[in-house]
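Visitor: The structure's right below; bear with me while I get my questions together.
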2 protein chains.
Amino acid sequence: MTTATATSTRIFNFAPGPAVLPEQCLKQAQQDIWNIADSGIGVLEHSHRGSVIKKVFEEAEADCRKVANISDDYAVIFQQGGSTLQFAMCPMNFLTPDKTADYLHTGAWSKKAIREAKLFGNVHLAYDGTGDNFDHIPGPDEINYSANPEYVYYCDNNTIFGTEWSAPPQTDHLLVADMCSNMFSRPIDINRHAVLFASGQKNLGPSGGTLVIIRKDFLEKANADLPVMLDYQTQVDKGSMLNTPPVFAVYFMGLVFKWILANGGLKGMAKRNDEKAKLIYDAIDGSDFYQAVARPDSRSRMNVTFRTPNEDLDAKFVAEALENDLSGLKGHRSVGGLRASLYNALPMDGAKALAQFMADFAQKNG
Amino acid sequence: MTTATATSTRIFNFAPGPAVLPEQCLKQAQQDIWNIADSGIGVLEHSHRGSVIKKVFEEAEADCRKVANISDDYAVIFQQGGSTLQFAMCPMNFLTPDKTADYLHTGAWSKKAIREAKLFGNVHLAYDGTGDNFDHIPGPDEINYSANPEYVYYCDNNTIFGTEWSAPPQTDHLLVADMCSNMFSRPIDINRHAVLFASGQKNLGPSGGTLVIIRKDFLEKANADLPVMLDYQTQVDKGSMLNTPPVFAVYFMGLVFKWILANGGLKGMAKRNDEKAKLIYDAIDGSDFYQAVARPDSRSRMNVTFRTPNEDLDAKFVAEALENDLSGLKGHRSVGGLRASLYNALPMDGAKALAQFMADFAQKNG
C-alpha cells in the first residue's frame, strides 16, 4: 500500500543522506554505466579529457547555472571531499592568523567548520546556539557581528536538529553558506554570497561530489602557495579538471539538474517541498502524541525532527515504519527521537504515506 | 571482428584512466543502483551508517587485505581527492620545515608530488630523470639517498612516459609509493612501505575513490592539528567514515576486489598483464615501423608508449583504430605518439586485436 508503485521493488527512503534520488536519473545511469551516448564505453570508463565526459561536465555546469540563475560573476566547480573538506578550504584560502571570520553557530556542522577555521585564522562567534541546544535559528537581535570579518559563515539547514534559515543572515558582509542539505530545494539569492557549497548526497546526487559556487572577485583575496587540490583559484582555472574528477558523481548531478529544470525549477522544488513538510508538521501538530524538536519559527523543510512520548515508542515507530516500507526514520544519535528527511526526490506519495502511518501509529499507541 | 562479443555494444578501451572496468562488475552495479541486497533502496541512496553500506565497506576492506596479503600492521582506508590530494597529504602529515624526504623523480606525477612536499618540508632529489626525458627507471647507481629521510617517495608506474619500476627502490628507509596506475596489477611487497596509495580509475574502479594503505606505527610520527579530512590518523580512527564517504566508488572497488580474487588474485593479474604487454611490445619490436618510447629495461606493463614514423601516421593510426573499435590510443600531449593502456580489466582479446591492427597498419603504411 505504501510502496511507490505496484510494480516497483523500491521503498520510501527518508534517510538524511545519502538519500533518495529521482528514479528516472537512476534508470538513465543504469544504461549509461554500460554504454553512454552510444560510444561503446560506459560513463565510468571514459577518459575525463575525452569529448563524451567533456560534454557531461559542460552540460552539468550550464544546467547548474540555469537552475539557480548563477551569473558569470561566479565560478561553478565540482570538487571532492564533501562539506567537511570545504570547512577547511574556506579558511585555508581566505583566513590568516591576523584575519577574522564571523561564524553563526547553529549546530553540529557549524561546530566542525569552526574547528577547521581556527587552524588558519580567528573565529568570531557572532552567534552561539549551544545554550539552547540549537533549537532555533537566531533572529537579528541575537547576532553580533565583528567590525570587519572576511566573511560571515552559516549553515543554511541543520540536518541533526532540524532547523533551517528562512532567509540568509542579514548583513552587508559577504556570506559563506554550507548548503549541503538544502541546496536547490528552493530559490537562492546567490549574489549575497562569497562561497556556497553542497556535497552531493542530499538534493544533488550521490556522495563523492561537491558543488562549489564561488564569487570570482572574492578569489582575488585568496592565499597563495596552497596544495593545488585545496586552492580554489587553481580549481577554477582548471575548470574542475585539475586532476581526474569524480566523474560519476558529477555526471549524476548533471542528470539531477536536468530533472530539476524539467520539474519546475527551484520554484517547483520549493512548492513541493513546502507541501511535503506541511504534511508531516501537520501530522505532528495535529496530535497530542508527537512533539516537534525545533522551534516552530525555525523548522526545516528538509529534515523534520520529532518524538513520540518515549524512547521505546520511538524505536517501535522506526521498526513498524520499516515494515510498512518507510525507511530511515531514526533520529541522529546526538538528538535521538525521529527524523523524516524530505529532500527534493522524496515523492509526495512518500510524505502522504508517512503522514498516514503517523496518524495510525498515534491512534494505536496513544 | 574486434568487438568484445558479437552481441556486445561495447568496444575495446585503451584509455589511460578512467579506464576499462570488468563487465561483470558493471552489470552488478546496474542492478544495485536500483535496489541493492533486496533492500528496496539503491546503492547510491543508502545511509553510509546503515547496515547495507557498512557491509559493503567491511567486505571491501577485507577483500582488499586478502588481495594483497595486507597484515594488521597496516590500515586500509578509502579516501577522496585522488592521488593529487595524497601528494599533499603525505608531506602535510609527515614533514615539517626541519625534516627531509627523498623523492625519486621519474616523471610528471613525481614532479607534482615534489611541488606539494616543498610546501611542508625539505625535498632531497635522490634521483632526477629530467635530463633523460624520463625514458627509464634509475638503477641503484643513479640514486643518492640523503642521510636520514623521513621516507623515500617513488611513483611505481609512469603513465605518461610508459616506464615502471620492476621492483621497489632498494633502500632500508620506508617507502611511500604512488601506485595509482599499477596497484593490484601484480604482487606487492607491502611491508617495505610506510604508505601506498592509488586512486580508483586505473585498476581499481571508477574515479572518485582513493585507496590508501598505511603502516600504523608510522602514523605515530604524524603531525597534529591538521584539518580532519587531511589527517591520516583521524581517517584511520574513523574507519573511512569520518564524513560521508564516496560510497559508489568504494562499493565498486569492492566488486573489483572480488573479481581479482575470482581471477587468480595478483598472480593471475600479473600473468595476464605480462601476456598482454608482450603482445604489444612484440608488435613494436617485430616491426621497423613502430618505435618504443621507454628504454627496454624500464617498460611499463600498464602503459605501452610508442610511435609510428611520423605524427601524421600517429594521427591516422588513432583514427583508424577507433574505426576498428579500438579506442583511447592517443599518447599524452606532453609526449605525443601513441599509448596503449592495458590495465587489469582490458581483455586479452583486446590486446590481440590491437596487435593484429598494428601489424595490418604497419603493412599498409610502412
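Labels used: A, B, ... for chains in the order of the C-alpha cells, numbers from 1 for residues in each chain, and numbers from 1 for ligands as shown.
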Pick out the chain B residues within 7 Å of chain A. Count only C-alpha atoms. Give them as a VMD selection string.
Guide: chain B and resid 9 to 11 15 17 to 21 26 30 33 to 35 40 to 41 44 to 48 80 to 81 84 to 85 88 116 206 to 208 227 229 243 to 247
Visitor: Excluding same-chain residues fewer than 3 positions from range 256-263 of chain A, what lies within 7 Å of it counting only C-alpha atoms, as a list in words?
Guide: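 The residues satisfying every condition are Cys25, Asp63, Cys64, Val67, Leu204, Gly205, Phe252, Met253 and Gly268 of chain A.
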Visitor: Write out, as a PDB file, in the first residue's frame, the residues just selected, with N, CA and C atoms.
Guide:
```
ATOM      1  N   CYS A  25      16.552   9.364 -13.077  1.00  0.00           N
ATOM      2  CA  CYS A  25      18.012   9.518 -13.144  1.00  0.00           C
ATOM      3  C   CYS A  25      18.699   8.174 -12.886  1.00  0.00           C
ATOM      4  N   ASP A  63      23.651  23.639 -16.868  1.00  0.00           N
ATOM      5  CA  ASP A  63      22.344  23.383 -16.253  1.00  0.00           C
ATOM      6  C   ASP A  63      22.308  23.875 -14.802  1.00  0.00           C
ATOM      7  N   CYS A  64      23.428  23.733 -14.113  1.00  0.00           N
ATOM      8  CA  CYS A  64      23.514  24.243 -12.744  1.00  0.00           C
ATOM      9  C   CYS A  64      23.295  25.750 -12.728  1.00  0.00           C
ATOM     10  N   VAL A  67      19.630  26.417 -13.321  1.00  0.00           N
ATOM     11  CA  VAL A  67      18.801  26.073 -12.155  1.00  0.00           C
ATOM     12  C   VAL A  67      18.752  27.233 -11.165  1.00  0.00           C
ATOM     13  N   LEU A 204      21.356  16.642  -4.539  1.00  0.00           N
ATOM     14  CA  LEU A 204      22.055  16.803  -5.812  1.00  0.00           C
ATOM     15  C   LEU A 204      22.455  15.509  -6.505  1.00  0.00           C
ATOM     16  N   GLY A 205      22.657  14.433  -5.747  1.00  0.00           N
ATOM     17  CA  GLY A 205      23.142  13.221  -6.387  1.00  0.00           C
ATOM     18  C   GLY A 205      23.731  12.276  -5.366  1.00  0.00           C
ATOM     19  N   PHE A 252      26.028  12.388 -12.449  1.00  0.00           N
ATOM     20  CA  PHE A 252      24.713  12.185 -11.841  1.00  0.00           C
ATOM     21  C   PHE A 252      24.108  13.520 -11.408  1.00  0.00           C
ATOM     22  N   MET A 253      24.936  14.416 -10.874  1.00  0.00           N
ATOM     23  CA  MET A 253      24.434  15.770 -10.566  1.00  0.00           C
ATOM     24  C   MET A 253      23.848  16.404 -11.815  1.00  0.00           C
ATOM     25  N   GLY A 268       9.439  25.154  -8.441  1.00  0.00           N
ATOM     26  CA  GLY A 268       8.712  23.880  -8.398  1.00  0.00           C
ATOM     27  C   GLY A 268       9.172  23.016  -7.232  1.00  0.00           C
TER      28      GLY A 268
END
```
Visitor: For range 342-358 of chain B, work out the shell of residues within 8 Å, counting only C-alpha atoms and skipping chain neighbours fewer than 6 positions away, then give it as a ChimeraX atom specification.
Guide: /B:2,4,12-14,19-22,182,185,202-203,269,272-273,276-277,279-280,283,301-304,321,326
Visitor: If you measure from CA of Arg215 in chain B to CA of Asp73 in chain B, what distance in Å do you get, rounded to one decimal?
Guide: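 CA of Asp73 in chain B lies at a distance of 5.9 Å from CA of Arg215 in chain B.
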Visitor: Can you list every residue in range 62-266 of chain A that DSSP puts in strand (DSSP E), as an MDAnalysis selection string?
Guide: chainID A and resid 74:79 100:105 122:128 152:155 157:158 163:164 175:178 193:199 210:215
Visitor: Find the spatial neighbours of Tyr145 in chain A, counting only C-alpha atoms, within a cut-off of 12 Å - ignore same-chain residues fewer than 4 positions away - and output them as a PyMOL selection string.
Guide: chain A and resi 100-104+123-128+140-141+149-153+169-173
Visitor: Please provide the set of residues having any atom within 8 Å of Tyr251 in chain B, restricted to only C-alpha atoms, with same-chain residues fewer than 3 positions apart removed, written as a VMD selection string.
Guide: chain B and resid 56 to 57 60 247 to 248 254 to 255
Visitor: May I have the residues from that selection written out with C-alpha atoms, as a short mmCIF file (atom, residue, chain, number, x, y, z; two decimals), in the first residue's frame?
Guide:
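Ended up saving to selection.cif:
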```cif
data_model
loop_
_atom_site.label_atom_id
_atom_site.label_comp_id
_atom_site.auth_asym_id
_atom_site.auth_seq_id
_atom_site.Cartn_x
_atom_site.Cartn_y
_atom_site.Cartn_z
CA VAL B 56 29.88 -3.04 1.63
CA PHE B 57 32.77 -1.24 3.34
CA ALA B 60 35.78 -4.07 0.54
CA VAL B 247 30.07 5.23 -1.36
CA PHE B 248 29.72 4.26 -5.00
CA GLY B 254 34.78 -3.89 -3.57
CA LEU B 255 33.31 -5.53 -6.66
#
```
Visitor: Any idea what's packed within 7 Å of Ala292 in chain A, counting only C-alpha atoms, ignoring anything in its chain fewer than 5 positions away? Could you give it as a list in words?
Guide: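 After dropping sequence-adjacent residues, the list is Ile284, Thr305, Phe306 and Arg307 of chain A.
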